[in-house]
>>> print(open('run36.txt').read())   # compact mmCIF, C-alpha atoms and all ligand atoms
# COMPACT_ATOMS: atom_id res chain seq x y z
CA MET Y 30 -62.79 81.05 8.39
CA ASN Y 31 -63.11 84.67 7.35
CA ARG Y 32 -66.06 86.24 5.64
CA GLU Y 33 -66.67 89.54 3.87
CA LEU Y 34 -68.48 92.03 6.11
CA ALA Y 35 -69.84 95.44 5.23
CA VAL Y 36 -68.26 97.70 7.83
CA LEU Y 37 -68.68 101.44 7.69
CA GLY Y 38 -69.33 101.54 3.90
CA GLY Y 39 -66.41 99.27 2.93
CA TRP Y 40 -65.95 95.52 2.62
CA VAL Y 41 -63.52 93.95 5.09
CA SER Y 42 -62.53 90.29 5.27
CA VAL Y 43 -63.02 89.46 8.96
CA ALA Y 44 -63.33 86.49 11.23
CA ASP Y 45 -66.84 85.08 11.09
CA PRO Y 46 -68.91 86.82 13.82
CA ASN Y 47 -70.26 83.42 14.84
CA GLU Y 48 -66.69 82.23 15.42
CA LEU Y 49 -65.96 85.38 17.43
CA LEU Y 50 -69.12 84.82 19.45
CA ALA Y 51 -68.08 81.24 20.23
CA VAL Y 52 -64.72 82.53 21.53
CA ALA Y 53 -66.49 85.25 23.56
CA VAL Y 54 -69.05 82.89 25.11
CA SER Y 55 -66.44 80.33 26.17
CA ILE Y 56 -64.20 82.85 27.94
CA VAL Y 57 -67.09 84.84 29.44
CA ARG Y 58 -68.57 81.68 31.00
CA SER Y 59 -65.29 80.85 32.68
CA ALA Y 60 -64.77 84.50 33.71
CA ALA Y 61 -68.27 84.58 35.19
CA GLU Y 62 -67.51 81.49 37.23
CA LEU Y 63 -64.32 83.14 38.50
CA ALA Y 64 -66.22 86.31 39.46
CA ARG Y 65 -68.89 84.28 41.28
CA THR Y 66 -66.32 82.16 43.13
CA LEU Y 67 -64.26 85.19 44.20
CA ARG Y 68 -67.43 86.90 45.49
CA ALA Y 69 -68.28 83.83 47.57
CA GLN Y 70 -64.79 83.98 49.09
CA GLY Y 71 -65.36 87.57 50.29
CA ILE Y 72 -64.65 90.88 48.59
CA GLY Y 73 -60.88 91.30 49.26
CA GLU Y 74 -59.01 94.49 48.36
CA VAL Y 75 -61.12 97.44 47.17
CA SER Y 76 -59.74 100.72 45.80
CA THR Y 77 -61.29 103.74 44.10
CA LYS Y 78 -60.87 105.39 40.67
CA SER Y 79 -62.51 108.65 39.43
CA THR Y 80 -64.34 109.46 42.70
CA PRO Y 81 -64.59 107.95 46.23
CA THR Y 82 -67.69 105.97 45.11
CA ASP Y 83 -66.13 104.66 41.87
CA VAL Y 84 -64.79 101.38 43.24
CA VAL Y 85 -62.64 98.61 41.74
CA THR Y 86 -62.24 95.28 43.49
CA ALA Y 87 -59.50 92.68 43.29
CA ALA Y 88 -62.05 90.55 41.41
CA ASP Y 89 -62.49 93.18 38.66
CA ARG Y 90 -58.72 92.99 38.07
CA ALA Y 91 -58.49 89.18 38.33
CA VAL Y 92 -61.38 88.59 35.92
CA GLU Y 93 -59.94 91.09 33.44
CA ARG Y 94 -56.50 89.42 33.59
CA HIS Y 95 -58.15 86.02 33.06
CA VAL Y 96 -59.99 87.17 29.90
CA ILE Y 97 -57.05 89.11 28.45
CA GLU Y 98 -54.61 86.20 28.92
CA PHE Y 99 -57.06 83.87 27.15
CA LEU Y 100 -57.66 86.27 24.23
CA HIS Y 101 -53.96 87.01 23.74
CA GLU Y 102 -53.23 83.27 23.75
CA THR Y 103 -56.06 82.22 21.39
CA ARG Y 104 -56.15 85.32 19.15
CA PRO Y 105 -52.66 86.95 19.39
CA ASP Y 106 -53.35 89.41 16.52
CA ASP Y 107 -56.33 90.97 18.30
CA ALA Y 108 -56.37 93.97 20.62
CA VAL Y 109 -58.28 94.18 23.90
CA LEU Y 110 -59.77 97.30 25.48
CA GLY Y 111 -60.47 96.51 29.13
CA GLU Y 112 -62.03 98.76 31.78
CA GLU Y 113 -59.18 98.26 34.26
CA THR Y 114 -56.11 97.98 31.99
CA GLY Y 115 -57.04 100.08 28.94
CA GLN Y 116 -55.96 98.83 25.50
CA THR Y 117 -53.48 95.96 25.11
CA GLY Y 118 -52.30 94.54 21.78
CA GLU Y 119 -52.00 96.41 18.46
CA MET Y 120 -54.66 96.75 15.75
CA VAL Y 121 -52.45 95.20 13.02
CA ALA Y 122 -54.95 95.45 10.11
CA PRO Y 123 -58.35 97.04 9.23
CA SER Y 124 -59.86 93.57 9.67
CA ALA Y 125 -58.24 93.24 13.10
CA VAL Y 126 -60.58 92.54 15.97
CA ARG Y 127 -60.66 94.67 19.10
CA TRP Y 128 -62.32 93.04 22.08
CA ILE Y 129 -64.14 95.46 24.43
CA LEU Y 130 -64.33 94.08 27.97
CA ASP Y 131 -66.08 95.03 31.19
CA PRO Y 132 -64.91 92.33 33.64
CA ILE Y 133 -67.57 93.19 36.24
CA ASP Y 134 -70.21 95.65 35.09
CA GLY Y 135 -72.18 96.71 38.15
CA THR Y 136 -69.21 96.67 40.52
CA VAL Y 137 -71.12 98.48 43.28
CA ASN Y 138 -73.79 95.74 43.15
CA TYR Y 139 -70.95 93.16 43.29
CA LEU Y 140 -69.46 94.94 46.31
CA TYR Y 141 -72.81 94.90 48.15
CA GLY Y 142 -73.60 91.29 47.16
CA LEU Y 143 -76.53 92.30 44.94
CA PRO Y 144 -77.07 89.71 42.14
CA GLN Y 145 -77.17 92.30 39.33
CA TYR Y 146 -73.74 92.40 37.69
CA ALA Y 147 -72.25 91.01 34.51
CA VAL Y 148 -69.19 90.08 32.51
CA SER Y 149 -69.59 91.90 29.18
CA LEU Y 150 -67.46 91.23 26.08
CA GLY Y 151 -67.90 92.59 22.56
CA ALA Y 152 -65.86 91.97 19.38
CA GLU Y 153 -65.40 95.11 17.28
CA VAL Y 154 -64.18 95.27 13.65
CA GLY Y 155 -63.59 98.56 11.85
CA GLY Y 156 -65.30 100.44 14.69
CA GLN Y 157 -68.45 98.25 14.59
CA VAL Y 158 -69.37 95.63 17.20
CA VAL Y 159 -70.08 92.39 15.30
CA ALA Y 160 -70.50 89.94 18.20
CA GLY Y 161 -71.28 90.30 21.91
CA VAL Y 162 -72.15 88.41 25.09
CA VAL Y 163 -73.36 89.63 28.48
CA ARG Y 164 -73.52 87.09 31.32
CA ASN Y 165 -74.78 87.59 34.88
CA PRO Y 166 -72.66 85.24 37.04
CA ALA Y 167 -75.11 85.37 39.96
CA THR Y 168 -78.18 84.32 37.95
CA GLY Y 169 -76.63 82.55 34.96
CA ASP Y 170 -78.60 84.80 32.61
CA GLU Y 171 -76.75 85.12 29.29
CA TRP Y 172 -77.55 87.32 26.31
CA THR Y 173 -75.76 87.04 22.97
CA ALA Y 174 -75.88 88.68 19.55
CA THR Y 175 -74.08 88.81 16.22
CA LEU Y 176 -74.36 91.56 13.60
CA GLY Y 177 -77.29 90.56 11.38
CA GLY Y 178 -77.71 87.33 13.35
CA GLY Y 179 -80.21 88.50 15.94
CA ALA Y 180 -80.15 88.63 19.74
CA TRP Y 181 -80.69 85.54 21.86
CA ARG Y 182 -81.26 84.33 25.39
CA ALA Y 183 -81.59 80.68 26.35
CA GLY Y 184 -82.24 79.72 22.71
CA ARG Y 185 -85.04 82.31 22.34
CA ARG Y 186 -84.68 85.06 19.73
CA LEU Y 187 -85.29 88.38 21.42
CA ALA Y 188 -87.56 91.22 20.32
CA CYS Y 189 -87.82 94.52 22.16
CA SER Y 190 -91.03 96.04 23.50
CA THR Y 191 -93.82 97.30 21.22
CA VAL Y 192 -95.25 99.79 23.72
CA THR Y 193 -96.62 102.86 21.92
CA ASP Y 194 -97.65 105.04 24.89
CA LEU Y 195 -94.67 106.65 26.68
CA GLY Y 196 -96.85 106.99 29.78
CA GLN Y 197 -96.97 103.19 29.94
CA ALA Y 198 -93.21 102.71 29.48
CA LEU Y 199 -90.98 101.18 32.17
CA VAL Y 200 -87.69 103.01 31.70
CA GLY Y 201 -84.24 102.06 33.01
CA THR Y 202 -81.46 104.54 33.74
CA GLY Y 203 -78.26 105.03 35.72
CA PHE Y 204 -76.19 107.68 37.47
CA GLY Y 205 -72.51 108.57 37.30
CA TYR Y 206 -69.92 108.52 40.09
CA ASP Y 207 -69.53 112.34 40.05
CA PRO Y 208 -71.95 114.03 42.54
CA ALA Y 209 -72.41 117.07 40.25
CA ARG Y 210 -73.39 114.80 37.36
CA ARG Y 211 -75.75 112.86 39.60
CA ALA Y 212 -77.43 116.11 40.62
CA HIS Y 213 -78.14 116.91 36.95
CA GLN Y 214 -79.25 113.33 36.21
CA ALA Y 215 -81.61 113.50 39.21
CA THR Y 216 -83.32 116.63 37.83
CA VAL Y 217 -83.88 114.80 34.52
CA VAL Y 218 -85.34 111.72 36.24
CA ALA Y 219 -87.55 113.83 38.54
CA ALA Y 220 -89.05 115.62 35.54
CA LEU Y 221 -89.40 112.45 33.45
CA LEU Y 222 -90.98 110.31 36.22
CA PRO Y 223 -94.57 111.65 35.88
CA ARG Y 224 -94.35 111.19 32.09
CA VAL Y 225 -93.57 107.43 32.10
CA ARG Y 226 -94.92 104.30 33.88
CA ASP Y 227 -91.92 104.13 36.25
CA ILE Y 228 -88.13 104.23 36.43
CA ARG Y 229 -85.76 101.36 37.25
CA ARG Y 230 -82.14 101.79 38.38
CA PHE Y 231 -80.60 98.30 38.36
CA GLY Y 232 -76.94 99.39 38.37
CA ALA Y 233 -75.38 97.63 35.35
CA ALA Y 234 -75.73 99.23 31.89
CA SER Y 235 -74.86 96.02 30.01
CA ILE Y 236 -77.77 94.20 31.69
CA ASP Y 237 -80.11 97.23 31.31
CA LEU Y 238 -79.47 97.16 27.54
CA CYS Y 239 -80.18 93.40 27.43
CA LEU Y 240 -83.38 93.82 29.49
CA THR Y 241 -84.43 96.44 26.92
CA ALA Y 242 -83.66 93.91 24.16
CA GLU Y 243 -86.01 91.33 25.69
CA GLY Y 244 -88.74 93.80 26.65
CA SER Y 245 -88.22 93.46 30.42
CA LEU Y 246 -87.61 97.18 30.22
CA ASP Y 247 -89.35 99.25 27.56
CA ALA Y 248 -86.36 101.59 27.23
CA TYR Y 249 -83.07 102.64 28.84
CA PHE Y 250 -80.95 105.78 28.83
CA GLU Y 251 -77.78 107.00 30.52
CA LYS Y 252 -75.16 109.72 30.18
CA GLY Y 253 -71.47 108.97 30.75
CA LEU Y 254 -71.15 105.30 29.74
CA ASN Y 255 -67.76 103.98 28.69
CA PRO Y 256 -67.35 101.75 25.62
CA TRP Y 257 -67.03 98.64 27.82
CA ASP Y 258 -70.39 99.36 29.54
CA SER Y 259 -72.37 99.31 26.28
CA ALA Y 260 -70.42 97.51 23.51
CA ALA Y 261 -71.96 94.04 23.85
CA GLY Y 262 -75.31 95.13 25.36
CA GLY Y 263 -75.75 97.75 22.63
CA LEU Y 264 -75.48 95.09 19.90
CA VAL Y 265 -77.94 92.83 21.78
CA ALA Y 266 -80.46 95.70 21.98
CA THR Y 267 -79.97 96.69 18.31
CA GLU Y 268 -80.30 93.10 17.08
CA ALA Y 269 -83.57 92.83 19.08
CA GLY Y 270 -84.98 95.79 17.12
CA ALA Y 271 -84.30 98.67 19.51
CA LEU Y 272 -82.85 101.94 18.24
CA VAL Y 273 -79.62 102.65 20.14
CA THR Y 274 -78.62 106.28 19.65
CA GLY Y 275 -77.20 109.38 21.32
CA LEU Y 276 -79.28 112.57 21.55
CA ASN Y 277 -79.81 115.18 18.83
CA GLY Y 278 -78.34 113.00 16.06
CA ALA Y 279 -75.19 112.04 17.95
CA PRO Y 280 -74.07 108.38 17.86
CA PRO Y 281 -74.42 106.36 21.10
CA GLY Y 282 -71.41 106.86 23.37
CA PRO Y 283 -70.12 108.57 26.55
CA GLY Y 284 -72.18 111.64 25.61
CA PHE Y 285 -75.42 109.70 25.87
CA VAL Y 286 -76.98 106.33 25.20
CA LEU Y 287 -80.71 105.96 24.52
CA ALA Y 288 -82.06 102.49 23.70
CA ALA Y 289 -85.75 102.29 22.85
CA PRO Y 290 -88.08 100.54 20.42
CA PRO Y 291 -89.03 102.50 17.25
CA THR Y 292 -92.55 102.85 18.71
CA ILE Y 293 -91.43 105.24 21.49
CA HIS Y 294 -87.85 106.21 20.61
CA ASP Y 295 -88.72 109.63 19.21
CA LEU Y 296 -91.19 110.35 22.05
CA LEU Y 297 -88.62 109.56 24.75
CA HIS Y 298 -85.88 111.31 22.77
CA ALA Y 299 -87.99 114.48 22.62
CA GLU Y 300 -88.51 114.44 26.42
CA LEU Y 301 -84.82 113.81 27.15
CA ALA Y 302 -83.65 116.47 24.68
CA GLU Y 303 -86.10 118.99 26.17
CA LEU Y 304 -84.73 118.13 29.65
CA ASP Y 305 -81.11 118.57 28.39
CA ALA Y 306 -80.35 115.01 29.58
CA ALA Y 307 -77.05 114.96 27.69
CA GLY Y 308 -76.10 118.32 29.23
CA GLY Y 309 -74.71 119.17 32.65
CA PRO Y 310 -71.34 118.08 34.10
C1 LIG Y 401 -71.59 101.08 35.92
C2 LIG Y 401 -72.62 101.13 34.82
C3 LIG Y 401 -73.91 101.78 35.33
C4 LIG Y 401 -73.63 103.17 35.78
C5 LIG Y 401 -72.59 103.16 36.86
C6 LIG Y 401 -71.30 102.47 36.39
P1 LIG Y 401 -69.29 99.84 36.37
O1 LIG Y 401 -70.42 100.51 35.41
O2 LIG Y 401 -72.91 99.83 34.39
O3 LIG Y 401 -74.90 101.82 34.33
O4 LIG Y 401 -74.82 103.76 36.25
O5 LIG Y 401 -72.31 104.50 37.23
O6 LIG Y 401 -70.72 103.22 35.34
O7 LIG Y 401 -68.51 101.00 36.98
O8 LIG Y 401 -69.95 99.04 37.43
O9 LIG Y 401 -68.45 99.01 35.44
>>> encode(input="run36.txt", output="structure tokens")
Amino acid sequence: MNRELAVLGGWVSVADPNELLAVAVSIVRSAAELARTLRAQGIGEVSTKSTPTDVVTAADRAVERHVIEFLHETRPDDAVLGEETGQTGEMVAPSAVRWILDPIDGTVNYLYGLPQYAVSLGAEVGGQVVAGVVRNPATGDEWTATLGGGAWRAGRRLACSTVTDLGQALVGTGFGYDPARRAHQATVVAALLPRVRDIRRFGAASIDLCLTAEGSLDAYFEKGLNPWDSAAGGLVATEAGALVTGLNGAPPGPGFVLAAPPTIHDLLHAELAELDAAGGP
């Protein structure tokens, strides 16, 4: 059943976000099981993408195929943007849904057998994510959100941190696969470190955004994320009350993503802008 949704200043008749979430949760649970099973069987073929450290495993490809086949079967009018295969399917109408998929976010953790990776799937309508799920196959942790419907984990509605002192904030971040970019990101983290409680680098943006949503991190920032890294996690963080932005008035995106509660967003933004965190290679 469709419902009218305010998207980018207009009204669009779209599939009910709760229906989209139900579709997302069912396929992500089965994809997570596939990812976990394949990891237990050993890592298999590994190749590289943008740099020698930007790896893709056979499991990334298999999980993506599994999700895309399901979505094209159950929702043939929708498009899918996947990390490994790009966009498949046409956007046939303004109300059309585009699914944004990261089959294994945190692939380096997956490669090393570290239990911090996730299947992340968001449903986007008219350029706005209206439903999203992030599931960690290794731990079973699952975060969900719908636009206006809140963010949830294990039946608990999530609310982000209320820390007011930046010096007491536990901040998550990440580094790109390009050594020159990492060098710039390292200078930002080195300068920021004495100004916050501590830094955490867990290795999967989708989970970092969800940890920010539940207050397990007070904030998170990273330059260079792709839409599939942040689509679902960004909605979870926003629906938990965090501000998810770029820097200097830019929207969140590859240029920069900063997720922080209103209580410290401007403080952390000011530090990151002063450190030119969105700059460099
Ligand atoms: C990863 C992100 C992480 C970032 C890594 C990489 P992938 O995504 O989740 O935050 O620091 O460089 O982009 O490549 O594992 O899907």
>>> closest_residue(input="run36.txt", among="Y:Gly263, Y:Gly275, Y:Gly205, Y:Gly184", to="Val137 (chain Y)", atoms="all atoms listed in the file")
Y:Gly205
>>> residues_near_ligand(input="run36.txt", ligand="ligand LIG 401 (chain Y)", cutoff="10 Å", atoms="all atoms listed in the file", output="PDB file with C-alpha atoms, in the coordinates of the input")
ATOM      1  CA  LYS Y  78     -60.870 105.390  40.670  1.00  0.00           C
ATOM      2  CA  THR Y  82     -67.690 105.970  45.110  1.00  0.00           C
ATOM      3  CA  ASP Y  83     -66.130 104.660  41.870  1.00  0.00           C
ATOM      4  CA  VAL Y  84     -64.790 101.380  43.240  1.00  0.00           C
ATOM      5  CA  VAL Y  85     -62.640  98.610  41.740  1.00  0.00           C
ATOM      6  CA  ASP Y  89     -62.490  93.180  38.660  1.00  0.00           C
ATOM      7  CA  GLU Y 112     -62.030  98.760  31.780  1.00  0.00           C
ATOM      8  CA  GLU Y 113     -59.180  98.260  34.260  1.00  0.00           C
ATOM      9  CA  LEU Y 130     -64.330  94.080  27.970  1.00  0.00           C
ATOM     10  CA  ASP Y 131     -66.080  95.030  31.190  1.00  0.00           C
ATOM     11  CA  PRO Y 132     -64.910  92.330  33.640  1.00  0.00           C
ATOM     12  CA  ILE Y 133     -67.570  93.190  36.240  1.00  0.00           C
ATOM     13  CA  ASP Y 134     -70.210  95.650  35.090  1.00  0.00           C
ATOM     14  CA  GLY Y 135     -72.180  96.710  38.150  1.00  0.00           C
ATOM     15  CA  THR Y 136     -69.210  96.670  40.520  1.00  0.00           C
ATOM     16  CA  VAL Y 137     -71.120  98.480  43.280  1.00  0.00           C
ATOM     17  CA  ASN Y 138     -73.790  95.740  43.150  1.00  0.00           C
ATOM     18  CA  TYR Y 139     -70.950  93.160  43.290  1.00  0.00           C
ATOM     19  CA  LEU Y 140     -69.460  94.940  46.310  1.00  0.00           C
ATOM     20  CA  GLN Y 145     -77.170  92.300  39.330  1.00  0.00           C
ATOM     21  CA  TYR Y 146     -73.740  92.400  37.690  1.00  0.00           C
ATOM     22  CA  ALA Y 147     -72.250  91.010  34.510  1.00  0.00           C
ATOM     23  CA  VAL Y 148     -69.190  90.080  32.510  1.00  0.00           C
ATOM     24  CA  SER Y 149     -69.590  91.900  29.180  1.00  0.00           C
ATOM     25  CA  GLY Y 201     -84.240 102.060  33.010  1.00  0.00           C
ATOM     26  CA  THR Y 202     -81.460 104.540  33.740  1.00  0.00           C
ATOM     27  CA  GLY Y 203     -78.260 105.030  35.720  1.00  0.00           C
ATOM     28  CA  PHE Y 204     -76.190 107.680  37.470  1.00  0.00           C
ATOM     29  CA  GLY Y 205     -72.510 108.570  37.300  1.00  0.00           C
ATOM     30  CA  TYR Y 206     -69.920 108.520  40.090  1.00  0.00           C
ATOM     31  CA  ASP Y 207     -69.530 112.340  40.050  1.00  0.00           C
ATOM     32  CA  ARG Y 211     -75.750 112.860  39.600  1.00  0.00           C
ATOM     33  CA  ARG Y 230     -82.140 101.790  38.380  1.00  0.00           C
ATOM     34  CA  PHE Y 231     -80.600  98.300  38.360  1.00  0.00           C
ATOM     35  CA  GLY Y 232     -76.940  99.390  38.370  1.00  0.00           C
ATOM     36  CA  ALA Y 233     -75.380  97.630  35.350  1.00  0.00           C
ATOM     37  CA  ALA Y 234     -75.730  99.230  31.890  1.00  0.00           C
ATOM     38  CA  SER Y 235     -74.860  96.020  30.010  1.00  0.00           C
ATOM     39  CA  ILE Y 236     -77.770  94.200  31.690  1.00  0.00           C
ATOM     40  CA  ASP Y 237     -80.110  97.230  31.310  1.00  0.00           C
ATOM     41  CA  LEU Y 238     -79.470  97.160  27.540  1.00  0.00           C
ATOM     42  CA  TYR Y 249     -83.070 102.640  28.840  1.00  0.00           C
ATOM     43  CA  PHE Y 250     -80.950 105.780  28.830  1.00  0.00           C
ATOM     44  CA  GLU Y 251     -77.780 107.000  30.520  1.00  0.00           C
ATOM     45  CA  LYS Y 252     -75.160 109.720  30.180  1.00  0.00           C
ATOM     46  CA  GLY Y 253     -71.470 108.970  30.750  1.00  0.00           C
ATOM     47  CA  LEU Y 254     -71.150 105.300  29.740  1.00  0.00           C
ATOM     48  CA  ASN Y 255     -67.760 103.980  28.690  1.00  0.00           C
ATOM     49  CA  TRP Y 257     -67.030  98.640  27.820  1.00  0.00           C
ATOM     50  CA  ASP Y 258     -70.390  99.360  29.540  1.00  0.00           C
ATOM     51  CA  SER Y 259     -72.370  99.310  26.280  1.00  0.00           C
TER      52      SER Y 259
END
>>> closest_residue(input="run36.txt", among="Y:Ala306, Y:Leu222, Y:Leu264, Y:Ala288", to="Gly177 (chain Y)", atoms="all atoms listed in the file")
Y:Leu264
>>> atom_distance(input="run36.txt", atom1="CA of Ala212 (chain Y)", atom2="CA of Leu301 (chain Y)")
15.5 Å
>>> atom_distance(input="run36.txt", atom1="CA of Ala209 (chain Y)", atom2="CA of Asp305 (chain Y)")
14.8 Å
>>> residues_around(input="run36.txt", residues="Glu171 (chain Y)", least_positions_apart="3", cutoff="12 Å", atoms="all atoms listed in the file", output="MDAnalysis selection string")
chainID Y and resid 53:55 57:58 61 146:150 161:168 174 180:185 235:236 239:240 243 261:262 265
>>> axis_aligned_box(input="run36.txt", around="region 107-120 of chain Y", padding_each_side="6 Å", output="AutoDock Vina command-line options")
--center_x -57.0 --center_y 95.5 --center_z 25.0 --size_x 22.0 --size_y 21.1 --size_z 30.5
>>> atom_distance(input="run36.txt", atom1="CA of Phe285 (chain Y)", atom2="CA of Ala215 (chain Y)")
15.2 Å
>>> residues_near_point(input="run36.txt", point="(-86.5, 101.1, 23.8)", cutoff="12 Å", atoms="all atoms listed in the file", output="ChimeraX atom specification")
/Y:188-195,198-202,237-250,263,266-267,269-274,286-298
>>> closest_residue(input="run36.txt", among="Y:Gly142, Y:Ala51, Y:Ala60, Y:Ala160", to="Ile72 (chain Y)", atoms="all atoms listed in the file")
Y:Gly142
